[in-house]
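Remarks on the structure that follows.
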Amino acid sequence: MILRRARGRGLRLAAALVVAGAVGVGTYAYTASNSVPATQAGEGATAISGYTTSAVQYTLNGADPTKIDAVAFTISPTTGTVKAQLVSAGSWYACTNSVGSVSCATTSPQATVATANQLTVVAAQ
């Protein structure tokens, strides 16, 4: 009788191991089918050079000459994006750049002669 119980337990244990193995193999088959597309990663460095601005001109407001409506200048080499600032830690103004001739409207917010203390130009390709 003890031998029959041991044999029955052994068969149940063997059956449980077979079922667990089948589930494990099935799960592995699903996880093993992942595919990842080819990607690239890299690192590089190059020198950053500055720009030269010249021929700076300020346009005063016709009705109130204490206000600056625009600033214009040339930039070399010719670049894409240009922004200007007339007050340290103040607003940045978007500029239009036409082959190195840059114009920046300074009306929103309105720049004034009294607060203008610098011309800072930032340019990028």
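Ligands are numbered from 1 in the order shown, residues from 1 within each chain, and chains are lettered A, B, ... in the order they appear in the structure tokens.
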Inset, instruction - Find the residues around segment 86-99 of chain A up to 7 Å (only C-alpha atoms counted), leave out those fewer than 4 positions away in its own chain, and share them as a VMD selection string. - result: chain A and resid 78 80 82 103 to 106 115 to 120
Would you save the residues from that selection as an mmCIF file, in the first residue's frame, using N, CA and C atoms?
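Wrote it out as part-v1.cif, contents follow:
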data_model
loop_
_atom_site.group_PDB
_atom_site.id
_atom_site.type_symbol
_atom_site.label_atom_id
_atom_site.label_comp_id
_atom_site.auth_asym_id
_atom_site.auth_seq_id
_atom_site.Cartn_x
_atom_site.Cartn_y
_atom_site.Cartn_z
ATOM 1 N N THR A 78 26.723 84.314 -43.206
ATOM 2 C CA THR A 78 25.266 84.265 -43.266
ATOM 3 C C THR A 78 24.776 83.053 -42.487
ATOM 4 N N GLY A 80 21.104 81.158 -40.266
ATOM 5 C CA GLY A 80 19.654 80.974 -40.298
ATOM 6 C C GLY A 80 18.940 81.715 -39.184
ATOM 7 N N VAL A 82 18.457 84.007 -35.903
ATOM 8 C CA VAL A 82 19.101 85.118 -35.200
ATOM 9 C C VAL A 82 18.102 85.689 -34.199
ATOM 10 N N SER A 103 17.050 92.076 -39.458
ATOM 11 C CA SER A 103 16.175 93.096 -38.900
ATOM 12 C C SER A 103 15.376 92.473 -37.762
ATOM 13 N N CYS A 104 15.328 93.179 -36.613
ATOM 14 C CA CYS A 104 14.635 92.667 -35.432
ATOM 15 C C CYS A 104 13.632 93.715 -34.956
ATOM 16 N N ALA A 105 12.344 93.383 -35.000
ATOM 17 C CA ALA A 105 11.319 94.270 -34.443
ATOM 18 C C ALA A 105 11.408 94.197 -32.930
ATOM 19 N N THR A 106 11.467 95.364 -32.278
ATOM 20 C CA THR A 106 11.626 95.418 -30.821
ATOM 21 C C THR A 106 10.417 96.079 -30.164
ATOM 22 N N THR A 115 16.154 102.152 -21.232
ATOM 23 C CA THR A 115 16.520 100.858 -20.634
ATOM 24 C C THR A 115 17.528 100.066 -21.463
ATOM 25 N N ALA A 116 17.708 100.417 -22.727
ATOM 26 C CA ALA A 116 18.648 99.684 -23.582
ATOM 27 C C ALA A 116 20.068 99.896 -23.062
ATOM 28 N N ASN A 117 20.744 98.806 -22.713
ATOM 29 C CA ASN A 117 22.092 98.944 -22.170
ATOM 30 C C ASN A 117 23.100 98.031 -22.862
ATOM 31 N N GLN A 118 22.659 97.259 -23.854
ATOM 32 C CA GLN A 118 23.561 96.390 -24.590
ATOM 33 C C GLN A 118 22.864 95.882 -25.833
ATOM 34 N N LEU A 119 23.623 95.377 -26.766
ATOM 35 C CA LEU A 119 23.073 94.634 -27.910
ATOM 36 C C LEU A 119 23.733 93.269 -27.880
ATOM 37 N N THR A 120 22.933 92.264 -27.568
ATOM 38 C CA THR A 120 23.419 90.894 -27.570
ATOM 39 C C THR A 120 22.755 90.179 -28.735
#
Inset, instruction - Enter the distance from atom CA of Ala123 of chain A to atom CA of Thr59 of chain A, in Å, rounded to one decimal. - result: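 Atom-to-atom, atom CA of Ala123 of chain A to atom CA of Thr59 of chain A, that is 21.1 Å.
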Inset, instruction - Identify, with DSSP run on backbone atoms, the residues in segment 26-110 of chain A assigned to strand (DSSP E or B), and express the list as a PyMOL selection string. - result: chain A and resi 52-60+67-76+81-85+92-98+101-105+107+110
Give me a file of those residues, with N, CA and C atoms, as a CSV table (one decimal), in the first residue's frame.
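This went into selection_21.csv:
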chain,number,residue,atom,x,y,z
A,52,THR,N,30.3,87.6,-36.9
A,52,THR,CA,30.6,89.1,-36.9
A,52,THR,C,29.4,89.9,-37.3
A,53,THR,N,29.1,90.8,-36.4
A,53,THR,CA,28.0,91.8,-36.7
A,53,THR,C,28.6,93.1,-37.0
A,54,SER,N,27.9,93.9,-37.9
A,54,SER,CA,28.4,95.2,-38.3
A,54,SER,C,27.2,96.0,-38.8
A,55,ALA,N,27.5,97.3,-39.0
A,55,ALA,CA,26.5,98.2,-39.5
A,55,ALA,C,25.2,98.2,-38.7
A,56,VAL,N,25.3,98.3,-37.4
A,56,VAL,CA,24.2,98.3,-36.5
A,56,VAL,C,23.4,99.7,-36.6
A,57,GLN,N,22.1,99.6,-36.8
A,57,GLN,CA,21.2,100.7,-36.9
A,57,GLN,C,20.0,100.5,-36.1
A,58,TYR,N,19.6,101.6,-35.3
A,58,TYR,CA,18.4,101.5,-34.5
A,58,TYR,C,17.3,102.4,-35.1
A,59,THR,N,16.1,101.9,-35.1
A,59,THR,CA,15.0,102.7,-35.7
A,59,THR,C,14.1,103.2,-34.5
A,60,LEU,N,14.1,104.5,-34.3
A,60,LEU,CA,13.3,105.1,-33.2
A,60,LEU,C,11.8,105.2,-33.7
A,67,LYS,N,11.3,105.4,-27.7
A,67,LYS,CA,11.0,104.0,-28.0
A,67,LYS,C,11.8,103.5,-29.2
A,68,ILE,N,12.4,102.3,-29.1
A,68,ILE,CA,13.1,101.7,-30.2
A,68,ILE,C,12.2,100.7,-30.8
A,69,ASP,N,11.9,100.9,-32.1
A,69,ASP,CA,11.0,100.0,-32.8
A,69,ASP,C,11.7,98.9,-33.5
A,70,ALA,N,13.0,99.0,-33.8
A,70,ALA,CA,13.7,98.0,-34.5
A,70,ALA,C,15.2,98.2,-34.4
A,71,VAL,N,15.9,97.1,-34.6
A,71,VAL,CA,17.4,97.1,-34.7
A,71,VAL,C,17.7,96.3,-35.9
A,72,ALA,N,18.7,96.8,-36.7
A,72,ALA,CA,19.1,96.1,-37.9
A,72,ALA,C,20.6,96.1,-38.0
A,73,PHE,N,21.2,95.0,-38.6
A,73,PHE,CA,22.6,94.9,-38.7
A,73,PHE,C,22.9,93.9,-39.8
A,74,THR,N,24.2,93.7,-40.1
A,74,THR,CA,24.6,92.7,-41.0
A,74,THR,C,25.3,91.6,-40.2
A,75,ILE,N,25.3,90.4,-40.6
A,75,ILE,CA,25.9,89.3,-39.9
A,75,ILE,C,26.7,88.5,-40.9
A,76,SER,N,27.9,88.1,-40.5
A,76,SER,CA,28.8,87.3,-41.3
A,76,SER,C,29.4,86.2,-40.5
A,81,THR,N,19.0,81.2,-38.0
A,81,THR,CA,18.3,81.8,-36.8
A,81,THR,C,19.1,82.8,-36.1
A,82,VAL,N,18.5,84.0,-35.9
A,82,VAL,CA,19.1,85.1,-35.2
A,82,VAL,C,18.1,85.7,-34.2
A,83,LYS,N,18.6,86.0,-33.0
A,83,LYS,CA,17.8,86.7,-32.0
A,83,LYS,C,18.6,87.8,-31.4
A,84,ALA,N,18.0,88.8,-30.9
A,84,ALA,CA,18.7,90.0,-30.3
A,84,ALA,C,18.1,90.3,-29.0
A,85,GLN,N,18.9,90.9,-28.1
A,85,GLN,CA,18.5,91.4,-26.8
A,85,GLN,C,19.1,92.8,-26.6
A,92,TRP,N,14.1,88.6,-25.4
A,92,TRP,CA,14.8,88.3,-26.7
A,92,TRP,C,13.8,88.5,-27.8
A,93,TYR,N,14.3,89.2,-28.9
A,93,TYR,CA,13.5,89.5,-30.0
A,93,TYR,C,13.9,88.6,-31.2
A,94,ALA,N,12.8,88.1,-31.9
A,94,ALA,CA,13.1,87.3,-33.1
A,94,ALA,C,13.5,88.2,-34.2
A,95,CYS,N,14.3,87.7,-35.1
A,95,CYS,CA,14.8,88.6,-36.2
A,95,CYS,C,14.6,87.9,-37.5
A,96,THR,N,14.5,88.7,-38.5
A,96,THR,CA,14.4,88.1,-39.9
A,96,THR,C,15.8,88.3,-40.5
A,97,ASN,N,16.2,87.3,-41.2
A,97,ASN,CA,17.6,87.3,-41.8
A,97,ASN,C,17.4,87.1,-43.3
A,98,SER,N,17.8,88.1,-44.1
A,98,SER,CA,17.8,87.9,-45.5
A,98,SER,C,19.2,88.0,-46.0
A,101,SER,N,21.5,90.2,-44.0
A,101,SER,CA,20.9,91.5,-43.6
A,101,SER,C,19.8,91.2,-42.6
A,102,VAL,N,20.0,91.5,-41.3
A,102,VAL,CA,19.1,91.1,-40.2
A,102,VAL,C,18.3,92.3,-39.7
A,103,SER,N,17.1,92.1,-39.5
A,103,SER,CA,16.2,93.1,-38.9
A,103,SER,C,15.4,92.5,-37.8
A,104,CYS,N,15.3,93.2,-36.6
A,104,CYS,CA,14.6,92.7,-35.4
A,104,CYS,C,13.6,93.7,-35.0
A,105,ALA,N,12.3,93.4,-35.0
A,105,ALA,CA,11.3,94.3,-34.4
A,105,ALA,C,11.4,94.2,-32.9
A,107,THR,N,9.2,95.8,-30.7
A,107,THR,CA,8.0,96.4,-30.2
A,107,THR,C,7.2,95.5,-29.3
A,110,GLN,N,7.8,96.5,-26.0
A,110,GLN,CA,8.5,97.7,-26.6
A,110,GLN,C,9.8,98.0,-25.9
Legend entry - Interatomic distance, atom CA of Gly100 of chain A to atom CA of Val122 of chain A (Å, one decimal):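 Answer for the atom CA of Gly100 of chain A to atom CA of Val122 of chain A separation: 13.5 Å.
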